[in-house]
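**Q** Below you'll find input_4.txt; it's compact mmCIF, C-alpha atoms and all ligand atoms.
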```txt
# COMPACT_ATOMS: atom_id res chain seq x y z
CA MET S 47 -24.65 -77.22 186.25
CA THR S 48 -23.24 -77.36 182.77
CA SER S 49 -24.01 -80.64 181.08
CA ARG S 50 -21.56 -82.58 178.98
CA GLU S 51 -23.76 -81.77 176.01
CA ASP S 52 -23.49 -78.02 176.69
CA LEU S 53 -19.70 -78.26 176.95
CA GLU S 54 -19.49 -80.15 173.66
CA ARG S 55 -21.63 -77.51 171.93
CA VAL S 56 -19.41 -74.71 173.25
CA ALA S 57 -16.26 -76.58 172.23
CA LYS S 58 -17.65 -77.09 168.73
CA ARG S 59 -18.51 -73.39 168.46
CA ALA S 60 -15.04 -72.40 169.67
CA ARG S 61 -13.54 -74.51 166.86
CA GLU S 62 -15.75 -72.75 164.32
CA LEU S 63 -14.79 -69.22 165.39
CA PRO S 64 -11.34 -69.13 163.71
CA LEU S 65 -12.99 -70.11 160.42
CA LEU S 66 -15.74 -67.55 160.85
CA GLN S 67 -13.07 -64.92 161.51
CA LYS S 68 -11.90 -65.30 157.91
CA ALA S 69 -15.37 -64.40 156.59
CA SER S 70 -15.91 -60.91 155.17
CA ALA S 71 -16.87 -57.86 157.25
CA ILE S 72 -20.27 -57.92 155.50
CA ARG S 73 -20.85 -61.55 156.49
CA LEU S 74 -19.78 -60.95 160.11
CA THR S 75 -22.06 -57.89 160.27
CA SER S 76 -25.01 -59.96 159.00
CA ILE S 77 -24.37 -62.52 161.73
CA LEU S 78 -24.29 -59.76 164.32
CA GLU S 79 -27.56 -58.34 162.97
CA GLY S 80 -29.39 -61.60 162.63
CA HIS S 81 -28.00 -63.20 165.79
CA GLU S 82 -28.00 -66.34 163.64
CA ALA S 83 -24.79 -67.51 165.27
CA LEU S 84 -25.61 -66.00 168.62
CA ASP S 85 -28.07 -68.45 170.10
CA PRO S 86 -27.55 -68.09 173.85
CA LYS S 87 -28.22 -71.82 174.22
CA THR S 88 -25.13 -72.70 172.20
CA PHE S 89 -22.72 -70.01 173.25
CA ASP S 90 -22.33 -67.00 175.46
CA LEU S 91 -24.02 -64.26 173.45
CA ALA S 92 -22.03 -61.29 174.75
CA PHE S 93 -18.69 -63.09 174.43
CA GLU S 94 -19.31 -63.93 170.82
CA ALA S 95 -20.60 -60.44 169.93
CA ASN S 96 -17.52 -58.82 171.51
CA TRP S 97 -15.30 -61.25 169.69
CA MET S 98 -17.00 -60.58 166.36
CA VAL S 99 -16.95 -56.79 166.61
CA LYS S 100 -13.25 -56.84 167.37
CA ALA S 101 -12.63 -59.15 164.41
CA ILE S 102 -14.53 -56.75 162.13
CA PHE S 103 -12.65 -53.60 163.16
CA ALA S 104 -9.21 -55.09 163.85
CA LEU S 105 -8.95 -57.68 161.05
CA HIS S 106 -11.38 -56.48 158.36
CA ARG S 107 -10.99 -52.73 158.74
CA ARG S 108 -10.16 -52.13 155.08
CA GLU S 109 -13.49 -53.62 154.00
CA LEU S 110 -15.53 -51.11 156.01
CA ASP S 111 -17.47 -48.17 154.61
CA ALA S 112 -19.92 -45.73 156.20
CA PRO S 113 -23.15 -47.66 155.44
CA LEU S 114 -21.67 -50.90 156.83
CA VAL S 115 -20.45 -49.13 159.99
CA ASP S 116 -23.97 -47.68 160.41
CA ARG S 117 -25.33 -51.25 160.33
CA ILE S 118 -22.77 -52.40 162.92
CA ALA S 119 -23.67 -49.46 165.19
CA ALA S 120 -27.38 -50.29 164.95
CA ALA S 121 -26.73 -53.99 165.66
CA GLY S 122 -24.52 -53.10 168.63
CA ALA S 123 -27.32 -51.17 170.31
CA HIS S 124 -29.24 -54.44 170.83
CA PHE S 125 -26.59 -56.01 173.03
CA MET S 126 -25.97 -55.87 176.78
CA GLY S 127 -24.53 -52.66 178.23
CA TYR S 128 -20.78 -53.29 178.06
CA THR S 129 -21.01 -55.00 174.67
CA ALA S 130 -22.96 -52.01 173.28
CA THR S 131 -20.26 -49.68 174.69
CA HIS S 132 -17.53 -51.82 173.13
CA VAL S 133 -19.23 -51.53 169.72
CA ASP S 134 -19.70 -47.76 170.23
CA ALA S 135 -15.97 -47.33 170.92
CA TRP S 136 -14.90 -49.05 167.68
CA VAL S 137 -17.57 -47.16 165.72
CA ALA S 138 -16.54 -43.77 167.19
CA GLY S 139 -12.87 -44.43 166.35
CA TRP S 140 -13.73 -45.40 162.79
CA ARG S 141 -15.97 -42.35 162.29
CA GLY S 142 -13.38 -40.02 163.80
CA ASP S 143 -15.89 -38.88 166.41
CA ILE S 144 -13.59 -37.66 169.18
CA SER S 145 -16.38 -36.40 171.48
CA ALA S 146 -18.17 -39.77 171.34
CA LEU S 147 -14.86 -41.47 172.18
CA ARG S 148 -14.23 -39.10 175.09
CA ALA S 149 -17.68 -39.86 176.47
CA ILE S 150 -16.71 -43.57 176.56
CA TRP S 151 -13.11 -43.41 177.82
CA PRO S 152 -11.95 -42.97 180.52
CA PRO S 153 -15.06 -44.71 181.90
CA ALA S 154 -17.01 -43.03 184.69
CA PRO S 155 -16.38 -44.62 188.16
CA ASN S 156 -19.60 -46.64 187.86
CA GLY S 157 -19.30 -47.17 184.09
CA PHE S 158 -18.31 -50.22 182.06
CA ASP S 159 -14.55 -50.66 182.26
CA THR S 160 -13.29 -53.68 180.33
CA MET S 161 -10.05 -54.43 178.48
CA ASP S 162 -12.05 -54.64 175.25
CA ILE S 163 -13.47 -51.14 175.70
CA THR S 164 -10.04 -49.74 176.65
CA GLU S 165 -8.36 -51.33 173.64
CA ALA S 166 -11.04 -50.12 171.21
CA SER S 167 -11.01 -46.59 172.66
CA LEU S 168 -7.22 -46.25 172.68
CA ASP S 169 -7.07 -47.52 169.09
CA GLY S 170 -9.47 -44.70 168.18
CA PHE S 171 -7.45 -42.05 170.07
CA ALA S 172 -4.27 -43.28 168.32
CA ARG S 173 -5.85 -43.04 164.87
CA LEU S 174 -7.22 -39.56 165.61
CA GLY S 175 -3.85 -38.45 167.01
CA ASP S 176 -5.42 -37.35 170.30
CA ARG S 177 -2.87 -35.80 172.65
CA SER S 178 -5.27 -34.02 174.97
CA GLU S 179 -4.66 -33.38 178.64
CA GLN S 180 -7.81 -35.37 179.45
CA LEU S 181 -6.34 -38.46 177.75
CA VAL S 182 -2.90 -38.04 179.32
CA ASP S 183 -4.43 -37.59 182.81
CA ALA S 184 -6.38 -40.84 182.46
CA LEU S 185 -3.34 -42.75 181.17
CA VAL S 186 -1.02 -41.44 183.91
CA ALA S 187 -3.58 -42.44 186.57
CA ARG S 188 -3.65 -46.02 185.27
CA VAL S 189 -0.06 -46.81 184.32
CA GLY S 190 1.59 -48.93 187.03
CA ALA S 191 -1.62 -49.32 189.08
CA GLY S 192 -3.09 -52.82 189.48
CA PRO S 193 -2.22 -55.84 187.33
CA GLU S 194 0.22 -55.28 184.48
CA SER S 195 -2.17 -56.64 181.85
CA ALA S 196 -4.64 -53.87 182.75
CA TRP S 197 -2.24 -50.98 182.08
CA THR S 198 0.18 -52.18 179.35
CA GLU S 199 -2.07 -50.65 176.69
CA CYS S 200 -2.08 -47.33 178.60
CA LEU S 201 1.74 -47.35 178.83
CA VAL S 202 2.00 -47.84 175.06
CA GLN S 203 -0.57 -45.10 174.50
CA LEU S 204 1.64 -42.59 176.37
CA GLY S 205 4.31 -43.46 173.82
CA ARG S 206 1.83 -42.75 171.03
CA VAL S 207 1.07 -39.33 172.55
CA GLY S 208 4.81 -38.60 172.68
CA ILE S 209 6.40 -35.41 173.98
CA ARG S 210 3.05 -33.74 174.68
CA ALA S 211 2.53 -36.31 177.48
CA GLY S 212 5.05 -34.20 179.41
CA GLU S 213 7.43 -34.63 182.33
CA ARG S 214 4.64 -35.75 184.67
CA ALA S 215 3.96 -38.77 182.46
CA ALA S 216 7.68 -39.52 182.12
CA ARG S 217 8.05 -39.50 185.91
CA ARG S 218 5.07 -41.82 186.31
CA VAL S 219 6.53 -44.29 183.79
CA ARG S 220 10.01 -44.13 185.36
CA GLU S 221 8.81 -44.52 188.94
CA GLY S 222 5.53 -46.39 188.61
CA VAL S 223 6.28 -49.14 186.07
CA ARG S 224 7.68 -52.15 187.95
CA THR S 225 7.75 -55.34 185.92
CA GLN S 226 9.26 -58.82 185.73
CA SER S 227 8.63 -58.93 181.99
CA LYS S 228 11.59 -58.18 179.69
CA ARG S 229 9.20 -57.08 176.98
CA THR S 230 7.39 -54.59 179.24
CA ALA S 231 10.74 -53.26 180.50
CA GLU S 232 11.85 -52.68 176.90
CA THR S 233 8.53 -51.03 176.10
CA ARG S 234 8.96 -48.74 179.11
CA GLU S 235 12.39 -47.61 177.85
CA ARG S 236 11.03 -46.97 174.35
CA VAL S 237 8.05 -45.02 175.72
CA LEU S 238 10.38 -42.90 177.89
CA ARG S 239 12.58 -42.15 174.89
CA ARG S 240 9.56 -41.15 172.83
CA ILE S 241 8.13 -38.88 175.57
CA SER S 242 11.52 -37.23 176.05
CA SER S 243 12.32 -36.39 172.42
CA SER S 244 10.73 -34.09 169.88
CA ASP S 245 8.37 -35.35 167.18
CA ASP S 246 10.90 -34.68 164.41
CA GLN S 247 13.12 -37.43 165.87
CA TRP S 248 10.50 -40.03 164.88
CA GLN S 249 8.82 -41.41 161.82
CA ARG S 250 5.72 -43.54 161.38
CA CYS S 251 6.47 -47.29 161.61
CA ALA S 252 6.18 -48.84 158.15
CA ILE S 253 5.37 -52.33 159.40
CA CYS S 254 2.18 -51.90 161.43
CA ASP S 255 -1.24 -50.29 161.52
CA PHE S 256 -1.05 -47.73 164.35
CA GLY S 257 1.10 -50.09 166.43
CA LYS S 258 -0.77 -53.34 165.76
CA VAL S 259 0.04 -56.31 163.55
CA VAL S 260 -2.01 -59.45 162.86
CA TRP S 261 -0.61 -62.64 164.37
CA GLU S 262 -1.94 -66.07 163.48
CA HIS S 263 -2.02 -68.87 166.02
CA SER S 264 -1.36 -72.44 164.85
CA SER S 265 -5.11 -73.11 165.28
CA GLY S 266 -5.75 -70.54 162.55
CA MET S 267 -7.11 -67.98 165.05
CA GLN S 268 -5.91 -64.46 164.26
CA VAL S 269 -5.33 -61.75 166.84
CA THR S 270 -3.79 -58.28 166.73
CA VAL S 271 -0.68 -57.79 168.85
CA HIS S 272 1.77 -54.95 169.45
CA CYS S 273 4.26 -54.53 166.61
CA GLU S 274 7.76 -55.85 167.47
CA SER S 275 9.44 -53.06 165.57
CA CYS S 276 7.86 -50.05 167.34
CA PHE S 277 6.62 -51.74 170.57
CA GLY S 278 3.07 -50.79 169.58
CA ILE S 279 3.76 -47.05 169.59
CA GLY S 280 3.40 -46.75 165.81
CA PHE S 281 6.53 -44.57 165.49
CA VAL S 282 10.20 -45.52 165.27
CA PRO S 283 13.20 -43.32 166.09
CA LEU S 284 15.08 -41.85 163.12
CA THR S 285 18.39 -42.73 164.76
CA PRO S 286 19.10 -46.05 166.50
CA ALA S 287 19.65 -46.03 170.28
ZN ZN C 1 5.17 -50.79 164.20
```
Just dump the structure as structure tokens.
Ligand SMILES: [Zn+2]

**A**
Amino acid sequence: MTSREDLERVAKRARELPLLQKASAIRLTSILEGHEALDPKTFDLAFEANWMVKAIFALHRRELDAPLVDRIAAAGAHFMGYTATHVDAWVAGWRGDISALRAIWPPAPNGFDTMDITEASLDGFARLGDRSEQLVDALVARVGAGPESAWTECLVQLGRVGIRAGERAARRVREGVRTQSKRTAETRERVLRRISSSDDQWQRCAICDFGKVVWEHSSGMQVTVHCESCFGIGFVPLTPA
């Protein structure tokens, strides 16, 4: 049973998180290392660590350097399995370590498979420009299977891969993506256009960082979302539709 006192502590902590998010990458890393804000009595330890790591790499990326990322990697190793894997995925993407990333994603059948890990891994593949058959196979297998929220990121990633995703991927997107969402339907059309046209028909989107932009909620909480201009693909067509 959760007591009223516990709930109040958690609610207080949740109000503090948006403020903490604005702290520097160095400060957030120190918290992660010292667990000073991660007392399991006051908040779910894994939730907060996952939240903090994502804030560091998605919102404070420009503040990172190799020694700081080494510290984050070492801190990550102390957490529970899926949290450690989530940290590893962001670290591998930042370091440009494609083999480490491929060992994480796609997850083995009995491995840790969370939205956080998928998002961190795909961000890394996008930054490294990975267009391998292994990646495309995993994306094609997921797009259109299960709940939409679980595969939207994979759909967008096929758009990032572009023409090298091939006809097989285009067919999967055309036939497998059924949606009630206008936004997802528009994304599907943009992804199909990208897969079906050569790279020289596209240029890098000037608005976003590899398809993501920072969006601030009225509470002050910041999150990264897909860019409106390129649908999260990170490239825009040279000629309008
Ligand atoms: Zn964009």

**Q** Which residues of chain S have any atom within 6 Å of an atom in ligand ZN 1 (chain C) when counting all atoms listed in the file, and what is the closest pair of atoms for each, with the distance in Å to one decimal? Order the rows by chain and rising number and write it as a Markdown table.

**A**
```
| residue | atom | partner | partner_atom | distance |
| --- | --- | --- | --- | --- |
| S:Cys251 | CA | C:ZN1 | ZN | 4.5 |
| S:Ile253 | CA | C:ZN1 | ZN | 5.0 |
| S:Cys254 | CA | C:ZN1 | ZN | 4.2 |
| S:Gly257 | CA | C:ZN1 | ZN | 4.7 |
| S:Cys273 | CA | C:ZN1 | ZN | 4.5 |
| S:Ser275 | CA | C:ZN1 | ZN | 5.0 |
| S:Cys276 | CA | C:ZN1 | ZN | 4.2 |
| S:Gly278 | CA | C:ZN1 | ZN | 5.8 |
| S:Gly280 | CA | C:ZN1 | ZN | 4.7 |
```

**Q** Could you list, as number ranges by chain, every residue within 8 Å of range 167-174 of chain S, counting all atoms listed in the file and ignoring same-chain residues fewer than 3 positions away?

**A** S: 135-136, 138-140, 142, 144, 147, 150-151, 163-164, 199-200, 203, 206-207, 256

**Q** Do you know which residues are at most 8 Å from Asp162 in chain S counting all atoms listed in the file, after dropping those on the same chain fewer than 4 positions away, and could you put them as a PyMOL selection string?

**A** chain S and resi 96+132+166

**Q** May I ask for the distance between CA of Arg236 in chain S and CA of Val282 in chain S, given in Å to one decimal place?

**A**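 Calculated distance between CA of Arg236 in chain S and CA of Val282 in chain S is 9.2 Å.
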
**Q** Which residue out of S:Leu284, S:Val260, S:Ala184, S:Val115 has the minimum interatomic distance to Gln247 in chain S when all atoms listed in the file are used?

**A**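 Nearest candidate to Gln247 in chain S out of S:Leu284, S:Val260, S:Ala184, S:Val115: S:Leu284.
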
**Q** Find the residues around Arg188 in chain S up to 12 Å (only C-alpha atoms counted), leave out those fewer than 5 positions away in its own chain, and share them as a VMD selection string.

**A** chain S and resid 152 to 153 164 181 to 183 193 to 204 215 218 to 219 222 to 223

**Q** I need the residue nearest Asp245 in chain S from this list: S:Gly80, S:Pro283, S:Leu66, S:Thr129. Use only C-alpha atoms for the distance.

**A** S:Pro283

**Q** If I take CA of Val186 in chain S and CA of Arg214 in chain S, how far is one from the other in Å, to one decimal?

**A**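 Atom-to-atom, CA of Val186 in chain S to CA of Arg214 in chain S, that is 8.1 Å.
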
**Q** Go through S:Ala57, S:Ile209, S:Trp248, S:Phe125 and flag the residue nearest Ser178 in chain S, using all atoms listed in the file for the distances.

**A**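 Between S:Ala57, S:Ile209, S:Trp248, S:Phe125, the residue approaching Ser178 in chain S most closely is S:Ile209.
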
**Q** Find the distance between CA of Ile118 in chain S and CA of Gly175 in chain S and write it in Å to one decimal.

**A**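 Going from CA of Ile118 in chain S over to CA of Gly175 in chain S covers 23.9 Å.
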
**Q** S:Arg117, S:Arg108, S:Arg141, S:Arg73: which is nearest Asp255 in chain S, counting all atoms listed in the file?

**A**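 Checking each of S:Arg117, S:Arg108, S:Arg141, S:Arg73 against Asp255 in chain S, counting all atoms listed in the file, the winner is S:Arg108.
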
**Q** How would range 215-250 of chain S look with N, CA and C atoms restored, written as a tab-separated table (two decimals), keeping the file's coordinate frame?

**A**
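Output contents, as saved in rebuild.tsv:
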```tsv
chain	number	residue	atom	x	y	z
S	215	ALA	N	4.16	-37.41	182.97
S	215	ALA	CA	3.96	-38.77	182.46
S	215	ALA	C	5.28	-39.54	182.49
S	216	ALA	N	6.37	-38.86	182.11
S	216	ALA	CA	7.68	-39.52	182.12
S	216	ALA	C	8.04	-40.00	183.53
S	217	ARG	N	7.74	-39.14	184.52
S	217	ARG	CA	8.05	-39.50	185.91
S	217	ARG	C	7.23	-40.71	186.34
S	218	ARG	N	5.96	-40.70	185.95
S	218	ARG	CA	5.07	-41.82	186.31
S	218	ARG	C	5.59	-43.14	185.71
S	219	VAL	N	6.03	-43.08	184.46
S	219	VAL	CA	6.53	-44.29	183.79
S	219	VAL	C	7.83	-44.76	184.46
S	220	ARG	N	8.73	-43.79	184.74
S	220	ARG	CA	10.01	-44.13	185.36
S	220	ARG	C	9.82	-44.75	186.74
S	221	GLU	N	8.94	-44.12	187.54
S	221	GLU	CA	8.81	-44.52	188.94
S	221	GLU	C	7.71	-45.56	189.18
S	222	GLY	N	6.70	-45.55	188.33
S	222	GLY	CA	5.53	-46.39	188.61
S	222	GLY	C	5.54	-47.74	187.92
S	223	VAL	N	6.32	-47.88	186.82
S	223	VAL	CA	6.28	-49.14	186.07
S	223	VAL	C	7.32	-50.11	186.62
S	224	ARG	N	6.83	-51.08	187.41
S	224	ARG	CA	7.68	-52.15	187.95
S	224	ARG	C	7.24	-53.43	187.26
S	225	THR	N	8.16	-54.16	186.67
S	225	THR	CA	7.75	-55.34	185.92
S	225	THR	C	8.82	-56.43	185.95
S	226	GLN	N	8.36	-57.68	185.85
S	226	GLN	CA	9.26	-58.82	185.73
S	226	GLN	C	9.44	-59.18	184.25
S	227	SER	N	8.63	-58.56	183.41
S	227	SER	CA	8.63	-58.93	181.99
S	227	SER	C	9.67	-58.11	181.21
S	228	LYS	N	10.54	-58.83	180.48
S	228	LYS	CA	11.59	-58.18	179.69
S	228	LYS	C	10.95	-57.28	178.63
S	229	ARG	N	9.89	-57.81	178.04
S	229	ARG	CA	9.20	-57.08	176.98
S	229	ARG	C	8.61	-55.75	177.50
S	230	THR	N	7.97	-55.81	178.67
S	230	THR	CA	7.39	-54.59	179.24
S	230	THR	C	8.49	-53.60	179.62
S	231	ALA	N	9.62	-54.13	180.14
S	231	ALA	CA	10.74	-53.26	180.50
S	231	ALA	C	11.29	-52.55	179.26
S	232	GLU	N	11.38	-53.29	178.15
S	232	GLU	CA	11.85	-52.68	176.90
S	232	GLU	C	10.86	-51.65	176.38
S	233	THR	N	9.58	-51.97	176.52
S	233	THR	CA	8.53	-51.03	176.10
S	233	THR	C	8.63	-49.74	176.92
S	234	ARG	N	8.83	-49.92	178.23
S	234	ARG	CA	8.96	-48.74	179.11
S	234	ARG	C	10.10	-47.83	178.63
S	235	GLU	N	11.26	-48.43	178.29
S	235	GLU	CA	12.39	-47.61	177.85
S	235	GLU	C	12.07	-46.88	176.54
S	236	ARG	N	11.38	-47.58	175.63
S	236	ARG	CA	11.03	-46.97	174.35
S	236	ARG	C	10.02	-45.83	174.54
S	237	VAL	N	9.07	-46.05	175.45
S	237	VAL	CA	8.05	-45.02	175.72
S	237	VAL	C	8.74	-43.79	176.33
S	238	LEU	N	9.68	-44.02	177.26
S	238	LEU	CA	10.38	-42.90	177.89
S	238	LEU	C	11.18	-42.10	176.84
S	239	ARG	N	11.80	-42.83	175.92
S	239	ARG	CA	12.58	-42.15	174.89
S	239	ARG	C	11.66	-41.29	174.01
S	240	ARG	N	10.52	-41.86	173.70
S	240	ARG	CA	9.56	-41.15	172.83
S	240	ARG	C	9.00	-39.90	173.53
S	241	ILE	N	8.68	-40.03	174.83
S	241	ILE	CA	8.13	-38.88	175.57
S	241	ILE	C	9.18	-37.78	175.71
S	242	SER	N	10.46	-38.20	175.76
S	242	SER	CA	11.52	-37.23	176.05
S	242	SER	C	12.15	-36.62	174.81
S	243	SER	N	11.69	-36.99	173.61
S	243	SER	CA	12.32	-36.39	172.42
S	243	SER	C	11.27	-35.80	171.48
S	244	SER	N	11.69	-34.82	170.70
S	244	SER	CA	10.73	-34.09	169.88
S	244	SER	C	10.21	-34.95	168.73
S	245	ASP	N	9.04	-34.58	168.22
S	245	ASP	CA	8.37	-35.35	167.18
S	245	ASP	C	9.24	-35.54	165.94
S	246	ASP	N	10.10	-34.57	165.64
S	246	ASP	CA	10.90	-34.68	164.41
S	246	ASP	C	12.02	-35.72	164.52
S	247	GLN	N	12.16	-36.33	165.70
S	247	GLN	CA	13.12	-37.43	165.87
S	247	GLN	C	12.51	-38.78	165.51
S	248	TRP	N	11.24	-38.78	165.10
S	248	TRP	CA	10.50	-40.03	164.88
S	248	TRP	C	9.81	-40.06	163.52
S	249	GLN	N	9.64	-41.27	163.02
S	249	GLN	CA	8.82	-41.41	161.82
S	249	GLN	C	7.83	-42.55	162.03
S	250	ARG	N	6.75	-42.51	161.25
S	250	ARG	CA	5.72	-43.54	161.38
S	250	ARG	C	6.31	-44.92	161.05
```
